[in-house]
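A short worksheet on the structure shown next.
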Amino acid sequence: MNRRPFPLVLVALVVSLVLVSGTALAQTPKRGGTLRVSYGNKIAHLDFHTAPGYEMMWVAMNVGCGLVNITPDGKFVGDAAESWQMSPDGLLYTFKLRKNVLFHDGTKVDAAAVKFSIDRLMSPETKSGMRPFYEAVHSVEVLDPHAVQVRLKHPYAFFLHMLAGYRSGFVIYSPAATQKYTLQDRQQGKPEALPGCGPFRLIEHVDGSHTVLDRFDKYFMPGQPYLDRIIIRVIKDPVTEMAAFKAGEIDFIASFSPEHVDTMKAQNPKAQIMTGKETTPMVFLMKVTVPKDGKPHSADRAPHPIFSDIRVRKAIGCFGIDRKEIVNIAFKGQATPWVGIIPPGTLDAVDVNAMCPYDQAKAKALLAEAGYGPAKPLVFELMTSTEKSVFNVIVTVIKEQLARIGVTANIRLVDKVSWMNTALEDGPFDAHVEDLLSLLTIDSNAYLSAAGARWNQARHQDMKVNDYYARYAREMDAGKRKVIAKEFVEYQADKLYWNTISGSPFYMVAQPWVKGYTYNAEFEVHWDTVWLDK
């Protein structure tokens with residue numbers, strides 16, 4: 001009997017289908033298990049609407065839910081909102097809520113909770129660092145239990161960006177729990193005071209030690225999350241952290257110091273080392289005013305005794321530091337020397353490095369003009385935190401560079417929470433070095449650099465800065481925004497209320513068995529799709 005040969009194309013197709021099927025099966029998420037996460041710093045506190053620091057943010061994003069999220073390619077996707085519409089004039093946003101969203105205490109997430117949360121963030125009594133982003137909001141109206149409308153005073157090009165990814169984004173609070181429990185209860189992380197609507201429930205928070213989150217079985221996304229539990233440990237020493245990772249005691253490092261990346265690769269060749277564009281600014285900020293009465297956030301200000309003088313700011317922050325040398329030593333060349341307020345990897349970034357060349361002679365001349373010299377040497381305190389060892393390297397290099405122009409910078413090392421309580425809360429300091437939050441847009445930096453903003457670190461009072469922010473955010477035409485951005489960057493580089501050193505590469509590290517995580521810098525850190533392949 002003659003047998004026709006099996007067509008080779010069909011053989012290849014069958015083999016491909018088997019391989020694809022096998023791959024699909026191998027990648028099917030497994031339910032269960034505990035993700036062990038390490039933080040390099042303690043969480044400041046757990047009132048999501050007011051706490052500083054991304055350590056809190058990444059808990060808020062997983063315990064809480066908001067209206068929308070943003071993907072790495074800049075697309076908006078629904079969270080508690082299943083759909084939304086913007087009016088043609090950009091003044092009215094209508095959100096339709098999913099009907100199956102619950103707080104962890106079993107109560108429903110509805111339009112009233114959304115209104116309550118936005119109103120709370122807008123209230124001066126809340127003292128939220130996010131408040132400047134809600135300046136554009138005129139009112140919030142409940143249309144029905146599952147529809148809410150936000151009316152703006154004027155167009156705000158980044159309204160959805162703000163809701164999705166500025167700091168922790170917009171986190172919906174339970175009106176009942178918020179009114180029943182105190183601010184201190186939330187700050188201390190009492191689970192009953194923080195019934196979120198996210199994929200994980202807060203189970204335990206021990207200040208400075210650990211935080212435990214468990215799967216919320218009634219999460220509105222079918223089948224998610226996959227993990228049973230997340231345990232976040234505080235491991236402040238990066239060497240200890242790397243040792244714990246190598247020993248398999250840690251699955252995920254939430255923020256990894258860039259100078260240790262090569263060591264991590266050598267010790268753990270299979271580790272997933274995640275990074276992206278330089279959207280985080282490394283800054284050397286100088287304080288421009290101080291409160292006359294010595295009370296933080298006082299409106300009655302006096303000039304800072306040193307850095308209120310623009311000549312001194314330019315001598316020290318512009319011409320007196322060699323950004324290329326800092327990058328080569330601190331980052332081993334793996335960062336971009338930068339002057340502009342918009343980091344190099346952020347929308348509408350402009351290279352104005354030529355405005356601040358390293359020029360010791362010019363720096364000395366400006367200092368002499370301001371009255372400093374051998375007979376009256378300039379001495380100031382340069383603060384940084386112990387969060388990342390790269391900070392200490394940077395301030396050490398700056399100290400050496402400034403010594404070349406006759407300036408003494410006394411280094412002050414503090415822990416991260418102390419740094420936040422000082423730099424953000426108008427405490428006593430002259431200047432500091434830190435890498436600040438990643439920027440989706442320059443608009444998302446207003447809360448740290450606009451005049452009158454609670455966390456304006458330079459404490460300048462220049463309303464022209466606010467005018468630039470307003471013009472940029474209200475301009476709906478992308479081309480016209482670029483023009484405003486260039487003007488703004490040049491203005492800030494001239495005034496040095498904000499002084500960037502470089503971009504700051506951001507890294508996360510995961511074990512090879514951690515699957516399903518989508519890297520989105522600091523903007524979105526979600527563990528609802530994460531599963532463990534072990």
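Identifiers for the structure tokens are assigned positionally: chains receive A, B, ... in sequence, residues are indexed from 1 per chain, and ligands are indexed from 1 in the order shown.
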
**Request:** Write out as a count of residues only each polymer residue whose atoms come within 12 Å of A:Lys332, counting only C-alpha atoms; drop sequence neighbours fewer than 6 positions from it.
**Result:** 12

**Message:** Quick check for you: according to DSSP on this backbone, which residues of stretch 216-460 of chain A are classed as strand (DSSP E or B)? Reply as number ranges by chain.
**Reply:** A: 229-234, 252-256, 272-274, 281-286, 289-291, 301-303, 337, 373, 376, 378-385, 407-414, 431-435

**Request:** Name the closest residue to A:Lys75 among the candidates A:Ala330, A:Ile118, A:Val397, A:Ala164; distances are taken between atoms, counting only C-alpha atoms.
**Result:** A:Ala164

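Counting only C-alpha atoms, the residue from A:Val433, A:Met242, A:Ala113, A:Ala363 that sits nearest to A:Val283 is A:Val433.
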
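Atom CA of A:Asn520 lies 25.8 Å from atom CA of A:Asn456.
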